[in-house]
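Raw contents of protein-v3.cif, mmCIF, C-alpha atoms:
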```cif
data_data
#
loop_
_atom_site.group_PDB
_atom_site.id
_atom_site.type_symbol
_atom_site.label_atom_id
_atom_site.label_comp_id
_atom_site.auth_asym_id
_atom_site.auth_seq_id
_atom_site.Cartn_x
_atom_site.Cartn_y
_atom_site.Cartn_z
ATOM 1 C CA MET A 1 26.037 -8.745 -16.176
ATOM 2 C CA GLY A 2 27.360 -7.888 -12.733
ATOM 3 C CA ALA A 3 27.031 -4.105 -13.209
ATOM 4 C CA TRP A 4 25.154 -2.173 -10.540
ATOM 5 C CA ASN A 5 23.128 0.920 -11.361
ATOM 6 C CA LEU A 6 24.641 3.707 -9.276
ATOM 7 C CA ASP A 7 22.596 6.516 -10.822
ATOM 8 C CA PRO A 8 22.690 9.304 -8.187
ATOM 9 C CA LEU A 9 19.068 10.296 -8.876
ATOM 10 C CA VAL A 10 17.797 6.781 -8.118
ATOM 11 C CA ILE A 11 19.938 6.397 -5.004
ATOM 12 C CA VAL A 12 19.023 9.830 -3.629
ATOM 13 C CA ALA A 13 15.313 9.189 -4.220
ATOM 14 C CA LEU A 14 15.470 5.853 -2.366
ATOM 15 C CA VAL A 15 17.469 7.260 0.547
ATOM 16 C CA LEU A 16 15.185 10.293 0.796
ATOM 17 C CA ALA A 17 12.009 8.183 0.831
ATOM 18 C CA ALA A 18 13.392 5.778 3.433
ATOM 19 C CA GLY A 19 14.833 8.606 5.531
ATOM 20 C CA LEU A 20 11.635 10.665 5.620
ATOM 21 C CA TYR A 21 9.558 7.620 6.519
ATOM 22 C CA ALA A 22 11.960 6.535 9.261
ATOM 23 C CA ARG A 23 12.162 10.049 10.714
ATOM 24 C CA GLY A 24 8.376 10.371 10.715
ATOM 25 C CA VAL A 25 7.852 6.997 12.401
ATOM 26 C CA ALA A 26 10.467 7.835 15.034
ATOM 27 C CA THR A 27 8.709 11.129 15.778
ATOM 28 C CA LEU A 28 5.266 9.531 16.054
ATOM 29 C CA TRP A 29 6.508 6.690 18.247
ATOM 30 C CA ARG A 30 8.523 9.031 20.465
ATOM 31 C CA ARG A 31 5.420 11.128 21.131
ATOM 32 C CA GLY A 32 2.855 8.365 21.542
ATOM 33 C CA GLY A 33 4.766 5.146 22.099
ATOM 34 C CA THR A 34 5.804 2.338 19.774
ATOM 35 C CA GLY A 35 3.072 1.453 17.326
ATOM 36 C CA THR A 36 1.259 4.785 17.587
ATOM 37 C CA LEU A 37 -0.589 5.536 14.316
ATOM 38 C CA VAL A 38 1.836 3.288 12.389
ATOM 39 C CA SER A 39 2.174 -0.356 13.409
ATOM 40 C CA ARG A 40 5.317 -2.472 13.354
ATOM 41 C CA ALA A 41 3.770 -4.533 10.541
ATOM 42 C CA GLN A 42 3.250 -1.416 8.439
ATOM 43 C CA VAL A 43 6.828 -0.301 9.014
ATOM 44 C CA GLY A 44 8.012 -3.772 8.008
ATOM 45 C CA ALA A 45 5.925 -3.661 4.814
ATOM 46 C CA PHE A 46 7.360 -0.274 3.835
ATOM 47 C CA ALA A 47 10.933 -1.379 4.591
ATOM 48 C CA ALA A 48 10.463 -4.514 2.468
ATOM 49 C CA GLY A 49 9.037 -2.383 -0.346
ATOM 50 C CA ILE A 50 11.996 0.002 -0.310
ATOM 51 C CA TYR A 51 14.462 -2.899 -0.205
ATOM 52 C CA LEU A 52 12.851 -4.644 -3.197
ATOM 53 C CA LEU A 53 12.632 -1.333 -5.042
ATOM 54 C CA ALA A 54 16.386 -0.997 -4.613
ATOM 55 C CA VAL A 55 16.854 -4.561 -5.862
ATOM 56 C CA ALA A 56 14.785 -3.813 -8.963
ATOM 57 C CA LEU A 57 16.455 -0.506 -9.815
ATOM 58 C CA ILE A 58 20.034 -0.813 -8.534
ATOM 59 C CA SER A 59 21.024 -4.499 -8.635
ATOM 60 C CA PRO A 60 22.352 -6.251 -11.776
ATOM 61 C CA LEU A 61 18.718 -7.018 -12.654
ATOM 62 C CA ASP A 62 18.496 -3.472 -14.024
ATOM 63 C CA ALA A 63 21.488 -4.018 -16.302
ATOM 64 C CA LEU A 64 20.129 -7.386 -17.430
ATOM 65 C CA ALA A 65 16.825 -5.699 -18.332
ATOM 66 C CA HIS A 66 18.710 -3.871 -21.101
ATOM 67 C CA VAL A 67 19.837 -7.214 -22.521
ATOM 68 C CA LEU A 68 16.876 -9.588 -22.114
ATOM 69 C CA PHE A 69 13.170 -8.877 -22.521
ATOM 70 C CA SER A 70 12.391 -11.576 -19.957
ATOM 71 C CA ALA A 71 14.593 -9.845 -17.342
ATOM 72 C CA HIS A 72 12.856 -6.550 -18.070
ATOM 73 C CA MET A 73 9.521 -8.281 -17.492
ATOM 74 C CA VAL A 74 10.710 -9.600 -14.118
ATOM 75 C CA GLN A 75 11.657 -6.037 -13.213
ATOM 76 C CA HIS A 76 8.155 -4.826 -14.103
ATOM 77 C CA VAL A 77 6.490 -7.595 -12.074
ATOM 78 C CA VAL A 78 8.590 -6.711 -9.015
ATOM 79 C CA LEU A 79 7.777 -3.008 -9.308
ATOM 80 C CA MET A 80 4.045 -3.312 -9.998
ATOM 81 C CA LEU A 81 3.003 -6.398 -8.043
ATOM 82 C CA ILE A 82 5.381 -6.558 -5.077
ATOM 83 C CA VAL A 83 6.912 -3.148 -4.400
ATOM 84 C CA ALA A 84 3.777 -1.050 -4.991
ATOM 85 C CA PRO A 85 1.395 -2.965 -2.671
ATOM 86 C CA LEU A 86 4.073 -3.249 0.037
ATOM 87 C CA LEU A 87 4.659 0.501 0.007
ATOM 88 C CA VAL A 88 0.912 1.146 0.175
ATOM 89 C CA LEU A 89 0.507 -1.305 3.065
ATOM 90 C CA GLY A 90 3.234 0.662 4.827
ATOM 91 C CA ALA A 91 0.779 3.612 5.142
ATOM 92 C CA PRO A 92 3.465 6.112 4.053
ATOM 93 C CA LEU A 93 1.488 9.363 3.980
ATOM 94 C CA LEU A 94 1.487 10.214 7.688
ATOM 95 C CA PRO A 95 5.097 9.140 8.437
ATOM 96 C CA VAL A 96 6.460 11.004 5.404
ATOM 97 C CA LEU A 97 4.575 14.156 6.376
ATOM 98 C CA TRP A 98 5.944 13.934 9.939
ATOM 99 C CA GLY A 99 9.380 13.277 8.503
ATOM 100 C CA LEU A 100 9.395 16.713 6.888
ATOM 101 C CA PRO A 101 10.631 19.777 8.790
ATOM 102 C CA ARG A 102 7.771 21.333 10.780
ATOM 103 C CA ARG A 103 7.726 24.502 8.680
ATOM 104 C CA TRP A 104 7.424 22.523 5.454
ATOM 105 C CA ARG A 105 4.740 20.283 6.918
ATOM 106 C CA LEU A 106 2.600 23.210 8.009
ATOM 107 C CA ALA A 107 3.084 25.022 4.697
ATOM 108 C CA LEU A 108 2.052 21.889 2.813
ATOM 109 C CA ALA A 109 -1.070 21.469 4.945
ATOM 110 C CA ARG A 110 -2.053 25.128 4.520
ATOM 111 C CA GLY A 111 -1.505 24.955 0.779
ATOM 112 C CA TRP A 112 -3.623 21.817 0.456
ATOM 113 C CA ASN A 113 -6.464 23.239 2.554
ATOM 114 C CA ALA A 114 -6.408 26.550 0.688
ATOM 115 C CA ARG A 115 -6.724 24.888 -2.713
ATOM 116 C CA ARG A 116 -9.889 22.857 -2.615
ATOM 117 C CA TRP A 117 -9.506 21.948 -6.268
ATOM 118 C CA LEU A 118 -6.595 19.713 -5.238
ATOM 119 C CA GLY A 119 -8.935 17.630 -3.082
ATOM 120 C CA ARG A 120 -11.491 17.413 -5.877
ATOM 121 C CA ALA A 121 -8.797 16.427 -8.371
ATOM 122 C CA TRP A 122 -7.490 13.723 -6.019
ATOM 123 C CA HIS A 123 -11.033 12.466 -5.485
ATOM 124 C CA ALA A 124 -11.533 12.159 -9.239
ATOM 125 C CA LEU A 125 -8.106 10.596 -9.843
ATOM 126 C CA THR A 126 -8.706 7.885 -7.254
ATOM 127 C CA GLY A 127 -12.037 6.747 -8.686
ATOM 128 C CA PRO A 128 -12.125 2.949 -9.273
ATOM 129 C CA VAL A 129 -12.625 3.145 -13.037
ATOM 130 C CA VAL A 130 -9.989 5.861 -13.369
ATOM 131 C CA VAL A 131 -7.252 3.969 -11.524
ATOM 132 C CA TRP A 132 -7.974 0.815 -13.526
ATOM 133 C CA CYS A 133 -7.797 2.727 -16.807
ATOM 134 C CA VAL A 134 -4.599 4.534 -15.785
ATOM 135 C CA LEU A 135 -2.867 1.263 -14.884
ATOM 136 C CA ALA A 136 -4.060 -0.536 -18.031
ATOM 137 C CA ALA A 137 -3.091 2.367 -20.303
ATOM 138 C CA THR A 138 0.352 2.622 -18.696
ATOM 139 C CA LEU A 139 0.997 -1.102 -19.092
ATOM 140 C CA TRP A 140 -0.102 -1.288 -22.722
ATOM 141 C CA LEU A 141 1.579 1.963 -23.729
ATOM 142 C CA TRP A 142 4.986 0.934 -22.445
ATOM 143 C CA HIS A 143 4.797 -2.417 -24.232
ATOM 144 C CA HIS A 144 4.249 -0.795 -27.606
ATOM 145 C CA PRO A 145 7.458 -1.382 -29.601
ATOM 146 C CA VAL A 146 8.297 2.321 -30.091
ATOM 147 C CA PRO A 147 8.307 3.563 -26.457
ATOM 148 C CA TYR A 148 9.526 0.201 -25.148
ATOM 149 C CA GLN A 149 12.633 0.121 -27.356
ATOM 150 C CA ALA A 150 13.285 3.779 -26.572
ATOM 151 C CA ALA A 151 13.323 2.831 -22.883
ATOM 152 C CA VAL A 152 15.874 0.088 -23.559
ATOM 153 C CA ARG A 153 18.125 2.411 -25.554
ATOM 154 C CA HIS A 154 17.933 5.554 -23.407
ATOM 155 C CA GLY A 155 18.416 5.673 -19.645
ATOM 156 C CA ALA A 156 16.191 8.723 -19.143
ATOM 157 C CA VAL A 157 13.277 7.073 -20.961
ATOM 158 C CA HIS A 158 13.878 3.877 -18.975
ATOM 159 C CA MET A 159 13.645 5.887 -15.754
ATOM 160 C CA LEU A 160 10.424 7.531 -16.978
ATOM 161 C CA GLU A 161 9.002 4.103 -17.805
ATOM 162 C CA HIS A 162 9.672 2.837 -14.294
ATOM 163 C CA ALA A 163 8.388 6.016 -12.654
ATOM 164 C CA THR A 164 5.069 5.897 -14.515
ATOM 165 C CA MET A 165 4.616 2.154 -13.976
ATOM 166 C CA LEU A 166 5.345 2.435 -10.264
ATOM 167 C CA GLY A 167 3.202 5.550 -9.939
ATOM 168 C CA ALA A 168 0.201 3.972 -11.692
ATOM 169 C CA SER A 169 0.588 0.832 -9.570
ATOM 170 C CA LEU A 170 0.813 2.831 -6.325
ATOM 171 C CA LEU A 171 -2.365 4.677 -7.269
ATOM 172 C CA PHE A 172 -4.139 1.405 -8.086
ATOM 173 C CA TRP A 173 -3.140 -0.383 -4.871
ATOM 174 C CA TRP A 174 -3.813 2.755 -2.816
ATOM 175 C CA VAL A 175 -7.456 2.604 -3.905
ATOM 176 C CA VAL A 176 -7.767 -1.180 -3.736
ATOM 177 C CA LEU A 177 -6.148 -1.599 -0.302
ATOM 178 C CA GLN A 178 -7.680 1.382 1.455
ATOM 179 C CA PRO A 179 -9.014 0.294 4.875
ATOM 180 C CA ALA A 180 -12.664 0.148 5.909
ATOM 181 C CA GLY A 181 -14.455 3.223 7.131
ATOM 182 C CA ARG A 182 -14.235 6.171 4.774
ATOM 183 C CA ARG A 183 -12.864 4.117 1.909
ATOM 184 C CA ARG A 184 -13.929 5.042 -1.609
ATOM 185 C CA ILE A 185 -14.931 1.499 -2.609
ATOM 186 C CA ASP A 186 -16.286 -1.571 -0.882
ATOM 187 C CA GLY A 187 -14.605 -4.963 -0.727
ATOM 188 C CA GLY A 188 -16.525 -6.363 -3.666
ATOM 189 C CA THR A 189 -15.479 -3.520 -5.959
ATOM 190 C CA ALA A 190 -11.864 -3.901 -4.852
ATOM 191 C CA VAL A 191 -11.928 -7.622 -5.696
ATOM 192 C CA LEU A 192 -13.504 -6.841 -9.078
ATOM 193 C CA LEU A 193 -10.744 -4.323 -9.840
ATOM 194 C CA VAL A 194 -8.019 -6.839 -9.031
ATOM 195 C CA PHE A 195 -9.513 -9.561 -11.202
ATOM 196 C CA ALA A 196 -10.219 -7.114 -14.050
ATOM 197 C CA THR A 197 -6.560 -6.083 -13.929
ATOM 198 C CA LYS A 198 -5.553 -9.746 -13.958
ATOM 199 C CA VAL A 199 -7.575 -10.276 -17.145
ATOM 200 C CA GLN A 200 -6.021 -7.399 -19.066
ATOM 201 C CA SER A 201 -2.523 -8.331 -17.866
ATOM 202 C CA ALA A 202 -3.059 -11.951 -18.913
ATOM 203 C CA THR A 203 -4.331 -10.774 -22.306
ATOM 204 C CA LEU A 204 -1.185 -8.757 -22.933
ATOM 205 C CA GLY A 205 0.951 -11.682 -21.757
ATOM 206 C CA ALA A 206 -0.826 -14.064 -24.144
ATOM 207 C CA MET A 207 -0.360 -11.674 -27.067
ATOM 208 C CA ILE A 208 3.358 -11.379 -26.324
ATOM 209 C CA THR A 209 3.703 -15.166 -25.967
ATOM 210 C CA PHE A 210 1.882 -16.192 -29.125
ATOM 211 C CA LEU A 211 2.808 -13.363 -31.477
ATOM 212 C CA PRO A 212 4.573 -15.020 -34.461
ATOM 213 C CA LYS A 213 7.276 -12.357 -34.840
ATOM 214 C CA PRO A 214 9.681 -10.537 -32.497
ATOM 215 C CA LEU A 215 8.314 -7.385 -30.941
ATOM 216 C CA TYR A 216 11.617 -5.833 -29.873
ATOM 217 C CA PRO A 217 14.591 -6.291 -32.253
ATOM 218 C CA VAL A 218 16.634 -4.099 -29.899
ATOM 219 C CA TYR A 219 17.373 -7.258 -27.873
ATOM 220 C CA GLU A 220 18.921 -9.168 -30.797
ATOM 221 C CA ALA A 221 22.559 -8.819 -29.688
ATOM 222 C CA GLY A 222 21.750 -9.428 -26.038
ATOM 223 C CA VAL A 223 19.811 -12.664 -26.501
ATOM 224 C CA ALA A 224 22.519 -14.039 -28.784
ATOM 225 C CA ALA A 225 25.090 -13.555 -26.011
ATOM 226 C CA TRP A 226 22.847 -15.641 -23.738
ATOM 227 C CA GLY A 227 22.399 -18.409 -26.304
ATOM 228 C CA MET A 228 18.758 -17.554 -26.976
ATOM 229 C CA THR A 229 16.715 -16.318 -29.904
ATOM 230 C CA LEU A 230 14.469 -13.275 -29.873
ATOM 231 C CA MET A 231 11.380 -15.473 -29.970
ATOM 232 C CA GLN A 232 12.547 -17.670 -27.093
ATOM 233 C CA ASP A 233 13.182 -14.612 -24.954
ATOM 234 C CA GLN A 234 9.818 -13.140 -25.965
ATOM 235 C CA HIS A 235 7.962 -16.373 -25.146
ATOM 236 C CA LEU A 236 9.599 -16.457 -21.717
ATOM 237 C CA ALA A 237 8.678 -12.826 -21.072
ATOM 238 C CA GLY A 238 5.078 -13.463 -22.099
ATOM 239 C CA LEU A 239 4.861 -16.443 -19.777
ATOM 240 C CA ILE A 240 6.225 -14.382 -16.902
ATOM 241 C CA MET A 241 3.559 -11.760 -17.452
ATOM 242 C CA GLY A 242 0.763 -14.248 -18.087
ATOM 243 C CA THR A 243 1.538 -16.720 -15.303
ATOM 244 C CA VAL A 244 3.592 -15.037 -12.577
ATOM 245 C CA SER A 245 1.699 -11.739 -12.587
ATOM 246 C CA GLY A 246 -1.577 -13.600 -13.098
ATOM 247 C CA LEU A 247 -0.860 -15.770 -10.077
ATOM 248 C CA ALA A 248 0.004 -12.707 -7.987
ATOM 249 C CA TYR A 249 -3.277 -11.013 -8.898
ATOM 250 C CA LEU A 250 -5.149 -14.266 -8.228
ATOM 251 C CA ILE A 251 -3.645 -14.615 -4.746
ATOM 252 C CA ALA A 252 -4.279 -10.962 -3.888
ATOM 253 C CA GLY A 253 -7.849 -11.110 -5.174
ATOM 254 C CA SER A 254 -8.586 -14.346 -3.320
ATOM 255 C CA VAL A 255 -7.256 -13.005 -0.009
ATOM 256 C CA MET A 256 -9.295 -9.840 -0.445
ATOM 257 C CA PHE A 257 -12.383 -11.875 -1.353
ATOM 258 C CA LEU A 258 -12.106 -13.904 1.856
ATOM 259 C CA SER A 259 -11.638 -10.699 3.837
ATOM 260 C CA TRP A 260 -14.712 -9.187 2.190
ATOM 261 C CA LEU A 261 -16.807 -12.264 3.010
ATOM 262 C CA ARG A 262 -15.764 -12.068 6.657
ATOM 263 C CA THR A 263 -16.735 -8.398 6.711
ATOM 264 C CA LEU A 264 -20.166 -9.171 5.267
ATOM 265 C CA GLU A 265 -20.609 -11.973 7.812
ATOM 266 C CA ARG A 266 -19.808 -9.668 10.732
ATOM 267 C CA ARG A 267 -22.183 -6.987 9.484
ATOM 268 C CA SER A 268 -25.030 -9.473 9.036
ATOM 269 C CA ARG A 269 -24.931 -10.723 12.631
ATOM 270 C CA PRO A 270 -27.578 -9.319 14.992
ATOM 271 C CA PRO A 271 -26.095 -7.398 17.953
ATOM 272 C CA GLY A 272 -24.990 -9.784 20.684
ATOM 273 C CA ALA A 273 -25.600 -12.893 18.564
ATOM 274 C CA ARG A 274 -23.246 -15.810 18.928
ATOM 275 C CA HIS A 275 -22.440 -18.333 16.284
ATOM 276 C CA ALA A 276 -20.759 -21.679 16.514
ATOM 277 C CA PRO A 277 -17.271 -21.611 14.981
ATOM 278 C CA PRO A 278 -17.163 -22.954 11.423
ATOM 279 C CA LEU A 279 -15.611 -26.323 10.743
ATOM 280 C CA VAL A 280 -13.017 -24.649 8.559
ATOM 281 C CA ARG A 281 -12.082 -21.195 9.745
ATOM 282 C CA ALA A 282 -10.848 -18.706 7.179
ATOM 283 C CA PRO A 283 -7.482 -17.158 8.049
ATOM 284 C CA ARG A 284 -7.602 -13.847 9.890
ATOM 285 C CA LEU A 285 -6.547 -11.047 7.568
ATOM 286 C CA ASP A 286 -5.282 -7.554 8.307
ATOM 287 C CA LEU A 287 -6.178 -5.912 4.990
ATOM 288 C CA GLU A 288 -8.942 -3.924 6.670
ATOM 289 C CA ARG A 289 -6.837 -2.644 9.530
ATOM 290 C CA PRO A 290 -6.926 1.156 9.385
ATOM 291 C CA ALA A 291 -3.749 2.605 7.862
ATOM 292 C CA ARG A 292 -3.697 5.974 9.532
#
```

Would it be possible to restate this file's structure as structure tokens?
Amino acid sequence: MGAWNLDPLVIVALVLAAGLYARGVATLWRRGGTGTLVSRAQVGAFAAGIYLLAVALISPLDALAHVLFSAHMVQHVVLMLIVAPLLVLGAPLLPVLWGLPRRWRLALARGWNARRWLGRAWHALTGPVVVWCVLAATLWLWHHPVPYQAAVRHGAVHMLEHATMLGASLLFWWVVLQPAGRRRIDGGTAVLLVFATKVQSATLGAMITFLPKPLYPVYEAGVAAWGMTLMQDQHLAGLIMGTVSGLAYLIAGSVMFLSWLRTLERRSRPPGARHAPPLVRAPRLDLERPAR
């Protein structure tokens, strides 16, 4: 299982995304100084996201995902719970736009401004309930035996599976992690969305773990080569979804909850009031730092 996925489409997409972002950041920093509009931390988050995206899609993990259900589940966890939030925290919109040739950038801006329905559609698509439903529907759809086994058997369907999962996750984390100010939702709603997603993910993981029969016979030959049975591989995959992804959502939701409490505390203080420092100080978080 040492094969690497050298699909030109995947490699070109990764190089293009990284190149546009890097070119845009270089342009912004050259004009305004290092850290202008995009911080070093944001650049680091985006770089880590691209690196882990390459690991998930190019490394031998991708080949192993065609052999073991549990490996495929690890791939999904990396894409949806690590790569997606890191890319969002990298604030990619402005750098990617500035990475485009000037003529393209201006044409894109004019086209967006001239078509107001695009703004209304984006506003509707990024509603809290909508993004939660899109992510939940994507997750459950791709774990139905018919589309799931088609993804294992056919490379094009596998690529579509990853594209829709990553896209739905990017949309979800884009709404959840939007900074304070003109954000669509407040901190409490964001925390609720994360924990609601944790519940539905844990439910699917429990169903996969405790189902008394194999869901995906397509893995029969692969698990035998690894000295496992279909049910053992399925139990492991269900535990990965139920525990690893559940823990990731729990950590993210807890950090966001603490950040929300600190925001409420700051807003409740009268102007100029001073308070004694608490005995146990919550860690300072950067989730509300504007991603311009």

Mind giving me the straight-line distance from atom CA of Ile58 of chain A to atom CA of Leu6 of chain A in Å, one decimal?
6.5 Å

Could you list, as an MDAnalysis selection string, every residue matched by the PyMOL selection byres ((chain A and resi 158) around 12) in this structure?
chainID A and resid 10 57 62:63 65:66 72 75:76 142 147:157 159:165

Evaluate the PyMOL selection byres ((chain A and resi 188) around 12) against this structure - the residues, as a PDB file with C-alpha atoms, keeping the file's coordinate frame, please.
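Once everything was written out, this is out_31.pdb:
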```
ATOM      1  CA  PRO A 128     -12.125   2.949  -9.273  1.00  0.00           C
ATOM      2  CA  VAL A 176      -7.767  -1.180  -3.736  1.00  0.00           C
ATOM      3  CA  LEU A 177      -6.148  -1.599  -0.302  1.00  0.00           C
ATOM      4  CA  ARG A 184     -13.929   5.042  -1.609  1.00  0.00           C
ATOM      5  CA  ILE A 185     -14.931   1.499  -2.609  1.00  0.00           C
ATOM      6  CA  ASP A 186     -16.286  -1.571  -0.882  1.00  0.00           C
ATOM      7  CA  GLY A 187     -14.605  -4.963  -0.727  1.00  0.00           C
ATOM      8  CA  THR A 189     -15.479  -3.520  -5.959  1.00  0.00           C
ATOM      9  CA  ALA A 190     -11.864  -3.901  -4.852  1.00  0.00           C
ATOM     10  CA  VAL A 191     -11.928  -7.622  -5.696  1.00  0.00           C
ATOM     11  CA  LEU A 192     -13.504  -6.841  -9.078  1.00  0.00           C
ATOM     12  CA  LEU A 193     -10.744  -4.323  -9.840  1.00  0.00           C
ATOM     13  CA  VAL A 194      -8.019  -6.839  -9.031  1.00  0.00           C
ATOM     14  CA  PHE A 195      -9.513  -9.561 -11.202  1.00  0.00           C
ATOM     15  CA  GLY A 253      -7.849 -11.110  -5.174  1.00  0.00           C
ATOM     16  CA  SER A 254      -8.586 -14.346  -3.320  1.00  0.00           C
ATOM     17  CA  VAL A 255      -7.256 -13.005  -0.009  1.00  0.00           C
ATOM     18  CA  MET A 256      -9.295  -9.840  -0.445  1.00  0.00           C
ATOM     19  CA  PHE A 257     -12.383 -11.875  -1.353  1.00  0.00           C
ATOM     20  CA  LEU A 258     -12.106 -13.904   1.856  1.00  0.00           C
ATOM     21  CA  SER A 259     -11.638 -10.699   3.837  1.00  0.00           C
ATOM     22  CA  TRP A 260     -14.712  -9.187   2.190  1.00  0.00           C
ATOM     23  CA  LEU A 261     -16.807 -12.264   3.010  1.00  0.00           C
ATOM     24  CA  ARG A 262     -15.764 -12.068   6.657  1.00  0.00           C
ATOM     25  CA  THR A 263     -16.735  -8.398   6.711  1.00  0.00           C
ATOM     26  CA  LEU A 264     -20.166  -9.171   5.267  1.00  0.00           C
TER      27      LEU A 264
END
```

Determine the nearest neighbour of Ala91 of chain A from the options A:Leu250, A:Leu53, A:Ala137, A:Ala47, counting only C-alpha atoms.
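Checking each candidate against Ala91 of chain A, we get A:Ala47 as the closest.
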
When the PyMOL selection byres ((chain A and resi 217-228) around 6) is applied to the file above, which residues end up in the set, as a PyMOL selection string?
chain A and resi 67+216+229

Restricting the calculation to only C-alpha atoms: of A:Leu100, A:Val77, A:Leu89, A:Leu68, which residue gets closest to Gly246 of chain A?
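Counting only C-alpha atoms, the residue closest to Gly246 of chain A is A:Val77.
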
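One finds atom CA of Gly99 of chain A at 12.7 Å from atom CA of Arg30 of chain A.
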
Let me have the centre and edge lengths in Å, one decimal, of the box along x, y and z around every listed atom of segment 103-114 of chain A with 4 Å of margin on each side, as JSON.
```
{"center_x": 0.6, "center_y": 23.4, "center_z": 4.6, "size_x": 22.2, "size_y": 14.3, "size_z": 16.2}
```

Restricting to all atoms listed in the file, whichever of A:Trp173, A:Trp4, A:Phe46, A:Trp98 is closest to Pro60 of chain A is A:Trp4

Gap from atom CA of Val83 of chain A to atom CA of Leu171 of chain A - Å, one decimal
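Atom CA of Leu171 of chain A lies at a distance of 12.5 Å from atom CA of Val83 of chain A.
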
Counting all atoms listed in the file, figure out which residue out of A:Ala248, A:Ile208, A:Cys133, A:Ile11 gets nearest to Ala168 of chain A.
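Result for the nearest residue to Ala168 of chain A: A:Cys133.
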
Just checking: using only C-alpha atoms, which residue out of A:Gly90, A:Gly205, A:Pro145, A:Gly167 ends up closest to Ser39 of chain A?
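For Ser39 of chain A, the nearest of the candidates is A:Gly90.
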
Per residue of segment 57-169 of chain A within 7 Å of segment 235-240 of chain A, note the shortest atom pair and the distance in Å to one decimal, counting all atoms listed in the file, and order the rows by chain and increasing residue number, as CSV.
```
residue,atom,partner,partner_atom,distance
A:Phe69,CA,A:Ala237,CA,6.2
A:Ser70,CA,A:Ala237,CA,4.1
A:Met73,CA,A:Ala237,CA,5.8
```

Min atom-atom distance to Thr36 of chain A from the set A:Leu94, A:Leu79, A:Val15, A:Ala109, counting all atoms listed in the file, belongs to A:Leu94
